[in-house]
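Data block for structure12.pdb (PDB, C-alpha atoms, pLDDT in the B column):
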```pdb
ATOM      1  CA  MET A 227     -62.839  25.340  54.681  1.00 54.00           C
ATOM      2  CA  SER A 228     -59.103  25.046  53.993  1.00 77.00           C
ATOM      3  CA  THR A 229     -58.365  27.569  56.759  1.00 88.00           C
ATOM      4  CA  ASP A 230     -60.466  25.474  59.150  1.00 94.00           C
ATOM      5  CA  ASN A 231     -58.555  22.345  58.142  1.00 96.00           C
ATOM      6  CA  ALA A 232     -55.186  24.053  58.686  1.00 96.00           C
ATOM      7  CA  LYS A 233     -56.278  25.259  62.125  1.00 96.00           C
ATOM      8  CA  LEU A 234     -57.579  21.804  63.070  1.00 97.00           C
ATOM      9  CA  VAL A 235     -54.272  20.161  62.153  1.00 97.00           C
ATOM     10  CA  SER A 236     -52.146  22.866  63.793  1.00 96.00           C
ATOM     11  CA  ASP A 237     -54.187  22.674  67.001  1.00 96.00           C
ATOM     12  CA  PHE A 238     -53.907  18.884  66.925  1.00 96.00           C
ATOM     13  CA  CYS A 239     -50.120  18.975  66.548  1.00 93.00           C
ATOM     14  CA  MET A 240     -49.750  21.474  69.371  1.00 92.00           C
ATOM     15  CA  GLU A 241     -51.910  19.225  71.555  1.00 91.00           C
ATOM     16  CA  LEU A 242     -49.132  16.624  71.330  1.00 87.00           C
ATOM     17  CA  GLU A 243     -47.056  18.783  73.707  1.00 85.00           C
ATOM     18  CA  LYS A 244     -49.599  18.474  76.490  1.00 86.00           C
ATOM     19  CA  GLY A 245     -49.072  14.774  77.170  1.00 82.00           C
ATOM     20  CA  SER A 246     -52.531  13.273  76.742  1.00 89.00           C
ATOM     21  CA  VAL A 247     -53.638  10.830  74.064  1.00 92.00           C
ATOM     22  CA  ALA A 248     -57.235  11.336  75.250  1.00 94.00           C
ATOM     23  CA  ALA A 249     -56.962  15.034  74.342  1.00 93.00           C
ATOM     24  CA  LEU A 250     -55.921  14.085  70.790  1.00 95.00           C
ATOM     25  CA  LEU A 251     -58.775  11.708  70.069  1.00 96.00           C
ATOM     26  CA  PRO A 252     -61.508  14.338  69.506  1.00 97.00           C
ATOM     27  CA  TYR A 253     -59.506  15.599  66.501  1.00 98.00           C
ATOM     28  CA  LEU A 254     -59.441  12.138  64.926  1.00 98.00           C
ATOM     29  CA  ALA A 255     -62.104  10.155  63.112  1.00 98.00           C
ATOM     30  CA  GLU A 256     -62.981   6.892  64.872  1.00 98.00           C
ATOM     31  CA  ASP A 257     -61.495   4.931  61.953  1.00 98.00           C
ATOM     32  CA  VAL A 258     -58.423   7.150  61.494  1.00 98.00           C
ATOM     33  CA  VAL A 259     -55.407   5.632  59.764  1.00 98.00           C
ATOM     34  CA  TYR A 260     -52.140   6.729  61.406  1.00 97.00           C
ATOM     35  CA  HIS A 261     -48.947   5.838  59.596  1.00 97.00           C
ATOM     36  CA  ASN A 262     -45.446   6.624  60.762  1.00 91.00           C
ATOM     37  CA  ILE A 263     -43.978   5.871  57.373  1.00 91.00           C
ATOM     38  CA  PRO A 264     -40.947   3.909  58.585  1.00 84.00           C
ATOM     39  CA  TRP A 265     -43.348   1.432  60.243  1.00 89.00           C
ATOM     40  CA  LYS A 266     -46.728  -0.199  59.639  1.00 94.00           C
ATOM     41  CA  PRO A 267     -49.907   1.896  59.852  1.00 97.00           C
ATOM     42  CA  VAL A 268     -52.332   1.574  62.749  1.00 97.00           C
ATOM     43  CA  HIS A 269     -56.093   2.039  62.692  1.00 98.00           C
ATOM     44  CA  GLY A 270     -58.593   3.751  64.944  1.00 98.00           C
ATOM     45  CA  HIS A 271     -58.232   5.425  68.300  1.00 97.00           C
ATOM     46  CA  ALA A 272     -56.827   2.260  69.873  1.00 97.00           C
ATOM     47  CA  GLY A 273     -54.009   2.138  67.327  1.00 97.00           C
ATOM     48  CA  VAL A 274     -53.130   5.786  67.906  1.00 96.00           C
ATOM     49  CA  ARG A 275     -53.135   5.229  71.663  1.00 94.00           C
ATOM     50  CA  GLN A 276     -50.876   2.179  71.307  1.00 92.00           C
ATOM     51  CA  VAL A 277     -48.273   4.001  69.187  1.00 89.00           C
ATOM     52  CA  LEU A 278     -48.311   7.425  70.840  1.00 87.00           C
ATOM     53  CA  GLY A 279     -49.046   6.542  74.451  1.00 87.00           C
ATOM     54  CA  PRO A 280     -45.506   5.549  75.438  1.00 81.00           C
ATOM     55  CA  PHE A 281     -44.047   8.684  73.857  1.00 80.00           C
ATOM     56  CA  ILE A 282     -46.414  11.400  75.030  1.00 83.00           C
ATOM     57  CA  GLU A 283     -47.921  10.406  78.365  1.00 84.00           C
ATOM     58  CA  GLY A 284     -47.195   8.699  81.648  1.00 76.00           C
ATOM     59  CA  PRO A 285     -43.854   7.986  83.270  1.00 73.00           C
ATOM     60  CA  LYS A 286     -42.102   7.362  79.936  1.00 70.00           C
ATOM     61  CA  ARG A 287     -43.282  10.646  78.411  1.00 75.00           C
ATOM     62  CA  ALA A 288     -40.692  12.199  76.111  1.00 74.00           C
ATOM     63  CA  THR A 289     -42.464  15.038  74.298  1.00 75.00           C
ATOM     64  CA  VAL A 290     -41.017  18.480  74.797  1.00 80.00           C
ATOM     65  CA  LYS A 291     -42.100  20.784  71.985  1.00 88.00           C
ATOM     66  CA  MET A 292     -43.754  20.762  68.571  1.00 91.00           C
ATOM     67  CA  ASN A 293     -42.414  23.516  66.329  1.00 94.00           C
ATOM     68  CA  LEU A 294     -44.626  23.987  63.281  1.00 95.00           C
ATOM     69  CA  THR A 295     -42.550  25.648  60.577  1.00 96.00           C
ATOM     70  CA  HIS A 296     -44.701  25.438  57.429  1.00 96.00           C
ATOM     71  CA  THR A 297     -48.289  24.524  56.629  1.00 96.00           C
ATOM     72  CA  THR A 298     -49.810  24.043  53.187  1.00 96.00           C
ATOM     73  CA  VAL A 299     -53.434  23.260  52.379  1.00 96.00           C
ATOM     74  CA  ALA A 300     -54.891  21.790  49.187  1.00 96.00           C
ATOM     75  CA  GLY A 301     -58.588  21.054  49.607  1.00 93.00           C
ATOM     76  CA  ASN A 302     -58.963  18.488  52.368  1.00 96.00           C
ATOM     77  CA  VAL A 303     -55.196  17.748  52.585  1.00 97.00           C
ATOM     78  CA  VAL A 304     -53.029  19.627  55.070  1.00 98.00           C
ATOM     79  CA  THR A 305     -49.261  19.224  54.961  1.00 98.00           C
ATOM     80  CA  ASN A 306     -47.047  20.543  57.695  1.00 97.00           C
ATOM     81  CA  GLU A 307     -43.366  20.603  58.407  1.00 97.00           C
ATOM     82  CA  ARG A 308     -42.420  20.264  62.057  1.00 95.00           C
ATOM     83  CA  LEU A 309     -39.323  20.104  64.165  1.00 95.00           C
ATOM     84  CA  GLU A 310     -40.289  17.971  67.143  1.00 89.00           C
ATOM     85  CA  GLU A 311     -38.237  18.140  70.313  1.00 89.00           C
ATOM     86  CA  TRP A 312     -38.065  14.964  72.403  1.00 84.00           C
ATOM     87  CA  ALA A 313     -36.125  14.169  75.572  1.00 85.00           C
ATOM     88  CA  LYS A 314     -35.719  11.210  77.916  1.00 82.00           C
ATOM     89  CA  GLY A 315     -33.282  11.693  80.763  1.00 81.00           C
ATOM     90  CA  THR A 316     -30.152  13.255  79.283  1.00 85.00           C
ATOM     91  CA  LEU A 317     -31.023  12.114  75.752  1.00 84.00           C
ATOM     92  CA  LYS A 318     -32.392  14.878  73.525  1.00 90.00           C
ATOM     93  CA  VAL A 319     -33.639  14.358  69.972  1.00 90.00           C
ATOM     94  CA  ASP A 320     -34.676  16.959  67.409  1.00 92.00           C
ATOM     95  CA  LEU A 321     -36.820  15.149  64.857  1.00 91.00           C
ATOM     96  CA  PRO A 322     -37.670  16.801  61.518  1.00 95.00           C
ATOM     97  CA  VAL A 323     -41.117  15.555  60.426  1.00 95.00           C
ATOM     98  CA  LEU A 324     -43.289  16.091  57.387  1.00 97.00           C
ATOM     99  CA  GLY A 325     -46.927  15.370  58.215  1.00 97.00           C
ATOM    100  CA  VAL A 326     -49.708  14.798  55.701  1.00 98.00           C
ATOM    101  CA  PHE A 327     -53.248  14.917  57.068  1.00 98.00           C
ATOM    102  CA  GLU A 328     -56.544  14.263  55.324  1.00 98.00           C
ATOM    103  CA  VAL A 329     -59.572  15.951  56.877  1.00 98.00           C
ATOM    104  CA  LYS A 330     -63.231  15.114  56.394  1.00 97.00           C
ATOM    105  CA  ASP A 331     -66.190  16.612  58.269  1.00 96.00           C
ATOM    106  CA  GLY A 332     -63.902  18.354  60.761  1.00 96.00           C
ATOM    107  CA  LYS A 333     -61.936  15.210  61.720  1.00 98.00           C
ATOM    108  CA  ILE A 334     -58.538  13.880  60.698  1.00 98.00           C
ATOM    109  CA  THR A 335     -59.146  10.658  58.764  1.00 98.00           C
ATOM    110  CA  HIS A 336     -55.585   9.891  57.638  1.00 98.00           C
ATOM    111  CA  TRP A 337     -52.351  10.994  59.289  1.00 97.00           C
ATOM    112  CA  ARG A 338     -48.988  10.163  57.754  1.00 98.00           C
ATOM    113  CA  ASP A 339     -45.707  11.298  59.284  1.00 96.00           C
ATOM    114  CA  TYR A 340     -42.478  11.034  57.299  1.00 96.00           C
ATOM    115  CA  PHE A 341     -39.189  11.069  59.235  1.00 93.00           C
ATOM    116  CA  ASP A 342     -35.872   9.277  59.528  1.00 92.00           C
ATOM    117  CA  ALA A 343     -36.298   6.242  61.770  1.00 87.00           C
ATOM    118  CA  LYS A 344     -32.575   6.319  62.638  1.00 91.00           C
ATOM    119  CA  THR A 345     -32.982   9.759  64.190  1.00 90.00           C
ATOM    120  CA  ILE A 346     -35.706   8.595  66.586  1.00 83.00           C
ATOM    121  CA  ALA A 347     -34.195   5.137  67.313  1.00 85.00           C
ATOM    122  CA  PRO A 348     -32.217   6.198  70.425  1.00 85.00           C
ATOM    123  CA  LEU A 349     -35.347   7.756  71.929  1.00 79.00           C
ATOM    124  CA  SER A 350     -37.445   4.673  71.188  1.00 79.00           C
ATOM    125  CA  GLN A 351     -34.804   2.535  72.867  1.00 82.00           C
ATOM    126  CA  ALA A 352     -34.673   4.817  75.923  1.00 78.00           C
ATOM    127  CA  ILE A 353     -38.472   4.669  76.282  1.00 74.00           C
ATOM    128  CA  GLN A 354     -38.522   0.871  75.989  1.00 75.00           C
ATOM    129  CA  ASN A 355     -35.807   0.602  78.648  1.00 75.00           C
ATOM    130  CA  GLY A 356     -37.793   2.818  80.991  1.00 63.00           C
TER     131      GLY A 356
END
```

Mind turning the file's structure into structure tokens?
Amino acid sequence: MSTDNAKLVSDFCMELEKGSVAALLPYLAEDVVYHNIPWKPVHGHAGVRQVLGPFIEGPKRATVKMNLTHTTVAGNVVTNERLEEWAKGTLKVDLPVLGVFEVKDGKITHWRDYFDAKTIAPLSQAIQNG
């Protein structure tokens, strides 16, 4: 089971590179809680779409690469360390992230990402400005 959970989370993270929120949703429980720790959590598929949409799909897309460096599993909890590469125009951001995922019945039910909000701030601003 723990190997299945690690694969589910790794596949999910790699899916982020492809630029489609719709492709992420099958990995997530309908009532998933997604929390980028510097900000407030969001709930459900609609919340995930609202937060991730501007970053990973459409004309404002900024995802480049997800580099998974370490994965640890303890029961239904998968923790991974990632170095995410983001770019918008000439702006490039390497964002170290620690993700904690809870898995139940083959779906991610809780997803928490820990990172420095100051590191991602220039990218967020560039996306908002178009």

**OP:** Determine, counting all atoms listed in the file, every residue of protein, DNA or RNA that lies within 12 Å of (-59.7, 12.6, 59.7) in the file coordinates, then give the result as a PyMOL selection string.
**Re:** chain A and resi 231+234-235+238+250-260+269-271+302-304+326-338

Those residues you just picked out, can you put them in a file as a PDB file, in the coordinates of the input with C-alpha atoms?
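again_15.pdb written:
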```pdb
ATOM      1  CA  ASN A 231     -58.555  22.345  58.142  1.00 96.00           C
ATOM      2  CA  LEU A 234     -57.579  21.804  63.070  1.00 97.00           C
ATOM      3  CA  VAL A 235     -54.272  20.161  62.153  1.00 97.00           C
ATOM      4  CA  PHE A 238     -53.907  18.884  66.925  1.00 96.00           C
ATOM      5  CA  LEU A 250     -55.921  14.085  70.790  1.00 95.00           C
ATOM      6  CA  LEU A 251     -58.775  11.708  70.069  1.00 96.00           C
ATOM      7  CA  PRO A 252     -61.508  14.338  69.506  1.00 97.00           C
ATOM      8  CA  TYR A 253     -59.506  15.599  66.501  1.00 98.00           C
ATOM      9  CA  LEU A 254     -59.441  12.138  64.926  1.00 98.00           C
ATOM     10  CA  ALA A 255     -62.104  10.155  63.112  1.00 98.00           C
ATOM     11  CA  GLU A 256     -62.981   6.892  64.872  1.00 98.00           C
ATOM     12  CA  ASP A 257     -61.495   4.931  61.953  1.00 98.00           C
ATOM     13  CA  VAL A 258     -58.423   7.150  61.494  1.00 98.00           C
ATOM     14  CA  VAL A 259     -55.407   5.632  59.764  1.00 98.00           C
ATOM     15  CA  TYR A 260     -52.140   6.729  61.406  1.00 97.00           C
ATOM     16  CA  HIS A 269     -56.093   2.039  62.692  1.00 98.00           C
ATOM     17  CA  GLY A 270     -58.593   3.751  64.944  1.00 98.00           C
ATOM     18  CA  HIS A 271     -58.232   5.425  68.300  1.00 97.00           C
ATOM     19  CA  ASN A 302     -58.963  18.488  52.368  1.00 96.00           C
ATOM     20  CA  VAL A 303     -55.196  17.748  52.585  1.00 97.00           C
ATOM     21  CA  VAL A 304     -53.029  19.627  55.070  1.00 98.00           C
ATOM     22  CA  VAL A 326     -49.708  14.798  55.701  1.00 98.00           C
ATOM     23  CA  PHE A 327     -53.248  14.917  57.068  1.00 98.00           C
ATOM     24  CA  GLU A 328     -56.544  14.263  55.324  1.00 98.00           C
ATOM     25  CA  VAL A 329     -59.572  15.951  56.877  1.00 98.00           C
ATOM     26  CA  LYS A 330     -63.231  15.114  56.394  1.00 97.00           C
ATOM     27  CA  ASP A 331     -66.190  16.612  58.269  1.00 96.00           C
ATOM     28  CA  GLY A 332     -63.902  18.354  60.761  1.00 96.00           C
ATOM     29  CA  LYS A 333     -61.936  15.210  61.720  1.00 98.00           C
ATOM     30  CA  ILE A 334     -58.538  13.880  60.698  1.00 98.00           C
ATOM     31  CA  THR A 335     -59.146  10.658  58.764  1.00 98.00           C
ATOM     32  CA  HIS A 336     -55.585   9.891  57.638  1.00 98.00           C
ATOM     33  CA  TRP A 337     -52.351  10.994  59.289  1.00 97.00           C
ATOM     34  CA  ARG A 338     -48.988  10.163  57.754  1.00 98.00           C
TER      35      ARG A 338
END
```

Original post:
Nearest to Gly279 (chain A) among A:Ala347, A:Lys233, A:Ile353, A:Trp265, with distances taken over all atoms listed in the file: which residue is it?
Top reply: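 The closest residue to Gly279 (chain A) is A:Ile353.
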
**OP:** Report the distance between CA of Phe341 (chain A) and CA of Thr229 (chain A) in Å, rounded to one decimal place.
**Re:** 25.4 Å

**OP:** Between CA of Met292 (chain A) and CA of Leu309 (chain A), measure the distance and give it in Å to one decimal.
**Re:**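 We find that CA of Met292 (chain A) and CA of Leu309 (chain A) lie 6.3 Å from each other.
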
Subject >> Selected residue of minimal separation from Glu243 (chain A) among A:Val268, A:Leu317, A:Gly325, A:Leu294, counting all atoms listed in the file >> reply: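 Checking each of A:Val268, A:Leu317, A:Gly325, A:Leu294 against Glu243 (chain A), counting all atoms listed in the file, the winner is A:Leu294.
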
For the file shown, report as a compact mmCIF listing (two decimals) with C-alpha atoms, keeping the file's coordinate frame the outcome of the PyMOL selection byres ((chain A and resi 355) around 12) at residue level.
```txt
# COMPACT_ATOMS: atom_id res chain seq x y z
CA PRO A 280 -45.51 5.55 75.44
CA PRO A 285 -43.85 7.99 83.27
CA LYS A 286 -42.10 7.36 79.94
CA LYS A 314 -35.72 11.21 77.92
CA GLY A 315 -33.28 11.69 80.76
CA PRO A 348 -32.22 6.20 70.42
CA LEU A 349 -35.35 7.76 71.93
CA SER A 350 -37.44 4.67 71.19
CA GLN A 351 -34.80 2.54 72.87
CA ALA A 352 -34.67 4.82 75.92
CA ILE A 353 -38.47 4.67 76.28
CA GLN A 354 -38.52 0.87 75.99
CA GLY A 356 -37.79 2.82 80.99
```

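Checking A:Ala343, A:Ala288, A:Ala248, A:Cys239 one by one against Lys318 (chain A), counting only C-alpha atoms, you find the shortest gap at A:Ala288.
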
Subject >> Residues within 8 Å of Leu278 (chain A), all atoms listed in the file, excluding chain neighbours under 4 positions, as a PyMOL selection string >> reply: chain A and resi 247+274+282

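Reported to one decimal place, the separation of CA of Phe281 (chain A) from CA of Lys344 (chain A) is 16.2 Å.
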
Original post:
For Lys244 (chain A), which residue out of A:Ile263, A:Val290, A:Ala232, A:Ala272 is the nearest one, using only C-alpha atoms?
Top reply: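 Looking only at the distances to Lys244 (chain A), the closest residue turns out to be A:Val290.
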
If I wrap all listed atoms of region 269-285 of chain A in a box with edges along x, y and z and add 4 Å on each side, what are its centre and edge lengths in Å to one decimal, as JSON?
```
{"center_x": -51.2, "center_y": 6.7, "center_z": 73.0, "size_x": 22.7, "size_y": 17.4, "size_z": 28.6}
```

**OP:** Using the chain letters and numbers from the file, give me the residues hit by the PyMOL selection byres ((chain A and resi 324) around 8), as a list in words.
**Re:**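 After applying the PyMOL selection byres ((chain A and resi 324) around 8), what remains is Thr305, Asn306, Glu307, Arg308, Pro322, Val323, Gly325, Val326, Asp339, Tyr340 and Phe341 of chain A.
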
Is there a way to complete region 322-354 of chain A with N, CA and C atoms and then write that out as a tab-separated table (two decimals), in the frame of the given file?
```tsv
chain	number	residue	atom	x	y	z
A	322	PRO	N	-36.95	16.16	62.61
A	322	PRO	CA	-37.67	16.80	61.52
A	322	PRO	C	-38.76	15.85	61.00
A	323	VAL	N	-39.97	16.37	60.85
A	323	VAL	CA	-41.12	15.56	60.43
A	323	VAL	C	-41.89	16.31	59.35
A	324	LEU	N	-42.33	15.58	58.35
A	324	LEU	CA	-43.29	16.09	57.39
A	324	LEU	C	-44.57	15.32	57.61
A	325	GLY	N	-45.64	16.00	57.96
A	325	GLY	CA	-46.93	15.37	58.22
A	325	GLY	C	-47.92	15.66	57.10
A	326	VAL	N	-48.65	14.65	56.69
A	326	VAL	CA	-49.71	14.80	55.70
A	326	VAL	C	-51.00	14.31	56.35
A	327	PHE	N	-51.98	15.19	56.39
A	327	PHE	CA	-53.25	14.92	57.07
A	327	PHE	C	-54.39	15.07	56.08
A	328	GLU	N	-55.32	14.14	56.10
A	328	GLU	CA	-56.54	14.26	55.32
A	328	GLU	C	-57.68	14.53	56.31
A	329	VAL	N	-58.50	15.52	55.98
A	329	VAL	CA	-59.57	15.95	56.88
A	329	VAL	C	-60.91	15.78	56.17
A	330	LYS	N	-61.87	15.24	56.91
A	330	LYS	CA	-63.23	15.11	56.39
A	330	LYS	C	-64.20	15.40	57.53
A	331	ASP	N	-65.16	16.27	57.28
A	331	ASP	CA	-66.19	16.61	58.27
A	331	ASP	C	-65.59	17.04	59.61
A	332	GLY	N	-64.50	17.81	59.55
A	332	GLY	CA	-63.90	18.35	60.76
A	332	GLY	C	-63.08	17.37	61.59
A	333	LYS	N	-62.74	16.22	61.02
A	333	LYS	CA	-61.94	15.21	61.72
A	333	LYS	C	-60.78	14.77	60.82
A	334	ILE	N	-59.67	14.43	61.44
A	334	ILE	CA	-58.54	13.88	60.70
A	334	ILE	C	-58.83	12.41	60.43
A	335	THR	N	-58.84	12.03	59.14
A	335	THR	CA	-59.15	10.66	58.76
A	335	THR	C	-57.89	9.85	58.43
A	336	HIS	N	-56.87	10.53	57.96
A	336	HIS	CA	-55.58	9.89	57.64
A	336	HIS	C	-54.47	10.82	58.12
A	337	TRP	N	-53.48	10.22	58.76
A	337	TRP	CA	-52.35	10.99	59.29
A	337	TRP	C	-51.09	10.20	58.98
A	338	ARG	N	-50.25	10.80	58.12
A	338	ARG	CA	-48.99	10.16	57.75
A	338	ARG	C	-47.84	11.09	58.16
A	339	ASP	N	-46.90	10.55	58.91
A	339	ASP	CA	-45.71	11.30	59.28
A	339	ASP	C	-44.49	10.66	58.64
A	340	TYR	N	-43.70	11.48	57.96
A	340	TYR	CA	-42.48	11.03	57.30
A	340	TYR	C	-41.29	11.57	58.09
A	341	PHE	N	-40.39	10.68	58.48
A	341	PHE	CA	-39.19	11.07	59.24
A	341	PHE	C	-38.16	9.96	59.12
A	342	ASP	N	-36.96	10.25	59.56
A	342	ASP	CA	-35.87	9.28	59.53
A	342	ASP	C	-35.92	8.42	60.79
A	343	ALA	N	-36.18	7.14	60.62
A	343	ALA	CA	-36.30	6.24	61.77
A	343	ALA	C	-35.00	6.17	62.58
A	344	LYS	N	-33.86	6.36	61.92
A	344	LYS	CA	-32.58	6.32	62.64
A	344	LYS	C	-32.45	7.47	63.63
A	345	THR	N	-33.05	8.60	63.30
A	345	THR	CA	-32.98	9.76	64.19
A	345	THR	C	-33.73	9.50	65.49
A	346	ILE	N	-34.87	8.83	65.40
A	346	ILE	CA	-35.71	8.60	66.59
A	346	ILE	C	-35.33	7.30	67.32
A	347	ALA	N	-34.52	6.44	66.72
A	347	ALA	CA	-34.20	5.14	67.31
A	347	ALA	C	-33.64	5.23	68.74
A	348	PRO	N	-32.71	6.13	69.04
A	348	PRO	CA	-32.22	6.20	70.42
A	348	PRO	C	-33.32	6.54	71.43
A	349	LEU	N	-34.24	7.40	71.04
A	349	LEU	CA	-35.35	7.76	71.93
A	349	LEU	C	-36.27	6.56	72.13
A	350	SER	N	-36.59	5.86	71.06
A	350	SER	CA	-37.44	4.67	71.19
A	350	SER	C	-36.80	3.66	72.12
A	351	GLN	N	-35.51	3.47	72.01
A	351	GLN	CA	-34.80	2.54	72.87
A	351	GLN	C	-34.85	2.99	74.33
A	352	ALA	N	-34.64	4.28	74.56
A	352	ALA	CA	-34.67	4.82	75.92
A	352	ALA	C	-36.06	4.65	76.55
A	353	ILE	N	-37.11	4.83	75.77
A	353	ILE	CA	-38.47	4.67	76.28
A	353	ILE	C	-38.74	3.20	76.60
A	354	GLN	N	-38.32	2.30	75.74
A	354	GLN	CA	-38.52	0.87	75.99
A	354	GLN	C	-37.78	0.41	77.24
```
